[in-house]
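S.K.: I have a structure I would like to understand better, so I am pasting it below and will then ask my questions one at a time.
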Amino acid sequence: MPKRDPAPGPLATVQAFVNTVDLEDGPELLADAEALRTWLAGAALLDGDAAVGAAEHARAIALREALRDVLSGDDAAIERVNEASERARLRPVLLRDGGSALEPAAGGVDGALGRLVAIVHGAVADGTWAHLKACERDICRYAFYDHSKNHSGRWCDMDVCGAKEKSARAYRRRRARQS
Ligand SMILES: [Zn+2]
């Protein structure tokens with residue numbers, strides 16, 4: 001089975017942000033401030049010549065992991081995502097095309113992180129956010145988009161994480177019987 005298709009529309013950018021690290025095998029694409037600037041600029045969230053320091057880098061990683069925790073169903077992490085909105089000073093603006101959007105009043109990395117959170121708000125509104133999940137296998141926690149109709153997906157890849165999780169459970173059951 002191929003890897004799941006990415007999330008639709010701009011939510012794919014949030015998914016890609018959460019997946020900038022492979023927790024199981026590496027690599028860490030946001031290893032330092034320079035790497036963060038390159039990634040955010042590549043995603044059209046930040047000017048390529050914006051200043052990015054260690055504090056901004058730490059806030060970006062904190063938001064990334066807060067989003068992963070929210071995708072894992074950890075409601076306590078929601079407050080950390082909301083802090084990023086506040087820091088970005090997200091505010092609703094009317095657009096000339098008749099729509100509305102959340103836009104950051106802050107610039108730089110805080111503004112870029114605010115744009116990611118604004119995408120999350122848009123996805124909540126259009127119902128796609130509920131389909132973005134973190135893989136349930138502890139050491140993976142990769143963000144995947146559950147395209148299944150009944151929202152039953154639990155692993156980023158059934159053949160990899162699903163199979164490993166099932167064999168680990170079977171192993172634990174065997175151990176439990178032996179002891
Ligand atoms: Zn996985």
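Residues are referred to by chain and number: the chain letter is A, B, ... according to the order shown in the structure tokens, the number counts from 1 in that chain, and ligands are numbered separately from 1 in the order shown.
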Using only C-alpha atoms and all ligand atoms, find each protein or nucleic acid residue lying at most 8 Å from ligand 1; present the set as a PDB file with N, CA, C and O atoms, in the first residue's frame.

M.R.:
ATOM      1  N   ALA A 134      -2.037  12.207  14.286  1.00  0.00           N
ATOM      2  CA  ALA A 134      -0.672  11.726  14.505  1.00  0.00           C
ATOM      3  C   ALA A 134      -0.730  10.209  14.602  1.00  0.00           C
ATOM      4  O   ALA A 134      -1.609   9.655  15.258  1.00  0.00           O
ATOM      5  N   CYS A 135       0.200   9.554  13.927  1.00  0.00           N
ATOM      6  CA  CYS A 135       0.273   8.090  13.963  1.00  0.00           C
ATOM      7  C   CYS A 135       0.294   7.614  15.418  1.00  0.00           C
ATOM      8  O   CYS A 135       0.982   8.183  16.262  1.00  0.00           O
ATOM      9  N   GLU A 136      -0.479   6.568  15.690  1.00  0.00           N
ATOM     10  CA  GLU A 136      -0.604   6.106  17.080  1.00  0.00           C
ATOM     11  C   GLU A 136       0.597   5.311  17.568  1.00  0.00           C
ATOM     12  O   GLU A 136       0.692   5.003  18.758  1.00  0.00           O
ATOM     13  N   ARG A 137       1.499   4.949  16.653  1.00  0.00           N
ATOM     14  CA  ARG A 137       2.673   4.213  17.135  1.00  0.00           C
ATOM     15  C   ARG A 137       3.615   5.222  17.801  1.00  0.00           C
ATOM     16  O   ARG A 137       4.068   6.174  17.170  1.00  0.00           O
ATOM     17  N   ILE A 139       6.687   5.719  18.733  1.00  0.00           N
ATOM     18  CA  ILE A 139       7.958   6.231  18.244  1.00  0.00           C
ATOM     19  C   ILE A 139       7.840   6.840  16.857  1.00  0.00           C
ATOM     20  O   ILE A 139       8.819   7.330  16.321  1.00  0.00           O
ATOM     21  N   CYS A 140       6.649   6.830  16.267  1.00  0.00           N
ATOM     22  CA  CYS A 140       6.475   7.409  14.930  1.00  0.00           C
ATOM     23  C   CYS A 140       5.820   8.789  15.033  1.00  0.00           C
ATOM     24  O   CYS A 140       6.460   9.805  14.827  1.00  0.00           O
ATOM     25  N   ARG A 141       4.531   8.812  15.364  1.00  0.00           N
ATOM     26  CA  ARG A 141       3.765  10.046  15.567  1.00  0.00           C
ATOM     27  C   ARG A 141       3.819  10.983  14.360  1.00  0.00           C
ATOM     28  O   ARG A 141       3.727  12.206  14.483  1.00  0.00           O
ATOM     29  N   TYR A 142       3.991  10.385  13.180  1.00  0.00           N
ATOM     30  CA  TYR A 142       3.982  11.110  11.926  1.00  0.00           C
ATOM     31  C   TYR A 142       2.577  11.648  11.666  1.00  0.00           C
ATOM     32  O   TYR A 142       1.586  10.982  11.959  1.00  0.00           O
ATOM     33  N   TRP A 155      -2.791   4.692  11.889  1.00  0.00           N
ATOM     34  CA  TRP A 155      -1.356   4.674  11.637  1.00  0.00           C
ATOM     35  C   TRP A 155      -1.043   5.382  10.324  1.00  0.00           C
ATOM     36  O   TRP A 155      -1.838   5.346   9.383  1.00  0.00           O
ATOM     37  N   CYS A 156       0.162   5.964  10.258  1.00  0.00           N
ATOM     38  CA  CYS A 156       0.540   6.688   9.044  1.00  0.00           C
ATOM     39  C   CYS A 156       0.628   5.729   7.870  1.00  0.00           C
ATOM     40  O   CYS A 156       0.354   6.089   6.737  1.00  0.00           O
ATOM     41  N   ASP A 157       1.008   4.495   8.146  1.00  0.00           N
ATOM     42  CA  ASP A 157       1.163   3.499   7.095  1.00  0.00           C
ATOM     43  C   ASP A 157       0.793   2.142   7.690  1.00  0.00           C
ATOM     44  O   ASP A 157       1.462   1.638   8.587  1.00  0.00           O
ATOM     45  N   VAL A 160       3.515  -0.517   7.654  1.00  0.00           N
ATOM     46  CA  VAL A 160       4.704  -0.307   8.476  1.00  0.00           C
ATOM     47  C   VAL A 160       4.284  -0.186   9.936  1.00  0.00           C
ATOM     48  O   VAL A 160       4.445  -1.111  10.721  1.00  0.00           O
ATOM     49  N   CYS A 161       3.699   0.956  10.297  1.00  0.00           N
ATOM     50  CA  CYS A 161       3.364   1.175  11.703  1.00  0.00           C
ATOM     51  C   CYS A 161       2.220   0.272  12.167  1.00  0.00           C
ATOM     52  O   CYS A 161       2.253  -0.229  13.286  1.00  0.00           O
ATOM     53  N   GLY A 162       1.216   0.072  11.315  1.00  0.00           N
ATOM     54  CA  GLY A 162       0.115  -0.794  11.702  1.00  0.00           C
ATOM     55  C   GLY A 162       0.608  -2.202  11.993  1.00  0.00           C
ATOM     56  O   GLY A 162       0.279  -2.808  13.013  1.00  0.00           O
TER      57      GLY A 162
END

S.K.: Write out as a PDB file with C-alpha atoms, in the first residue's frame which residues come within 6 Å of stretch 46-59 of chain A when counting only C-alpha atoms, dropping same-chain ones fewer than 6 positions away.

M.R.:
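around.pdb was written with the following content:
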ATOM      1  CA  ALA A  33      17.709  28.709  12.880  1.00  0.00           C
ATOM      2  CA  LEU A  40       9.606  28.656   6.165  1.00  0.00           C
ATOM      3  CA  ALA A 112       5.071  32.815   9.868  1.00  0.00           C
TER       4      ALA A 112
END

S.K.: What's the 10 Å shell around A:Leu71, counting only C-alpha atoms, without same-chain residues fewer than 5 positions away, as a list in words?

M.R.: Val18, Glu65, Ala66, Ala77, Ile78, Trp129, Ala130, His131, Leu132, Lys133, Ala134, Cys135, Glu136, Arg141, Tyr142, Ala143 and Phe144 of chain A

S.K.: Restricting the calculation to only C-alpha atoms: of A:Asp25, A:Leu67, A:Val120, A:Ala62, which residue gets closest to A:Ala12?

M.R.: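 For A:Ala12, the nearest of the given residues is A:Val120.
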
S.K.: Could you state the separation of atom CA of A:Ala84 and atom CA of A:Asp110 in Å, given to one decimal place?

M.R.: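 So the answer is 7.3 Å.
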
S.K.: Which of chain A counts as strand (DSSP E) under DSSP, as a count of residues only please?

M.R.: 16

S.K.: Counting only C-alpha atoms, which residue out of A:Arg64, A:Arg96, A:Arg4, A:Arg115 sits closest to A:Leu45?

M.R.: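 Ranking A:Arg64, A:Arg96, A:Arg4, A:Arg115 by distance to A:Leu45, first place goes to A:Arg115.
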
S.K.: So, counting only C-alpha atoms, which residue among A:Ala7, A:Ala163, A:Ile61, A:Leu90 is closest to A:Thr20?

M.R.: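 Under the stated criterion, the closest residue is A:Ile61.
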
S.K.: Which parts of chain A does DSSP call alpha helix (DSSP H) when run on the backbone here, written out as number ranges by chain?

M.R.: A: 11-18, 33-42, 54-71, 78-88, 108-126, 163-178

S.K.: Nearest residue to A:Leu30 out of A:Leu113, A:Phe17, A:Ala106, A:Asp126, using only C-alpha atoms?

M.R.: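 Checking each of A:Leu113, A:Phe17, A:Ala106, A:Asp126 against A:Leu30, counting only C-alpha atoms, the winner is A:Phe17.
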
S.K.: Considering only C-alpha atoms, state which residue in the set A:Leu95, A:Leu29, A:Ala88, A:Ala168 is at the smallest distance from A:Ala118.

M.R.: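 Closest candidate: A:Ala88.
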
S.K.: Compare A:Glu83, A:Leu63, A:Asp97, A:Asp138 by their minimum atom-to-atom distance to A:Lys164, counting only C-alpha atoms, and give me the closest one.

M.R.: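 For A:Lys164, the nearest of the candidates is A:Asp138.
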
S.K.: Quick one: distance from atom CA of A:Pro104 to atom CA of A:Ala60 in Å, one decimal?

M.R.: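 Between atom CA of A:Pro104 and atom CA of A:Ala60 the gap is 15.2 Å.
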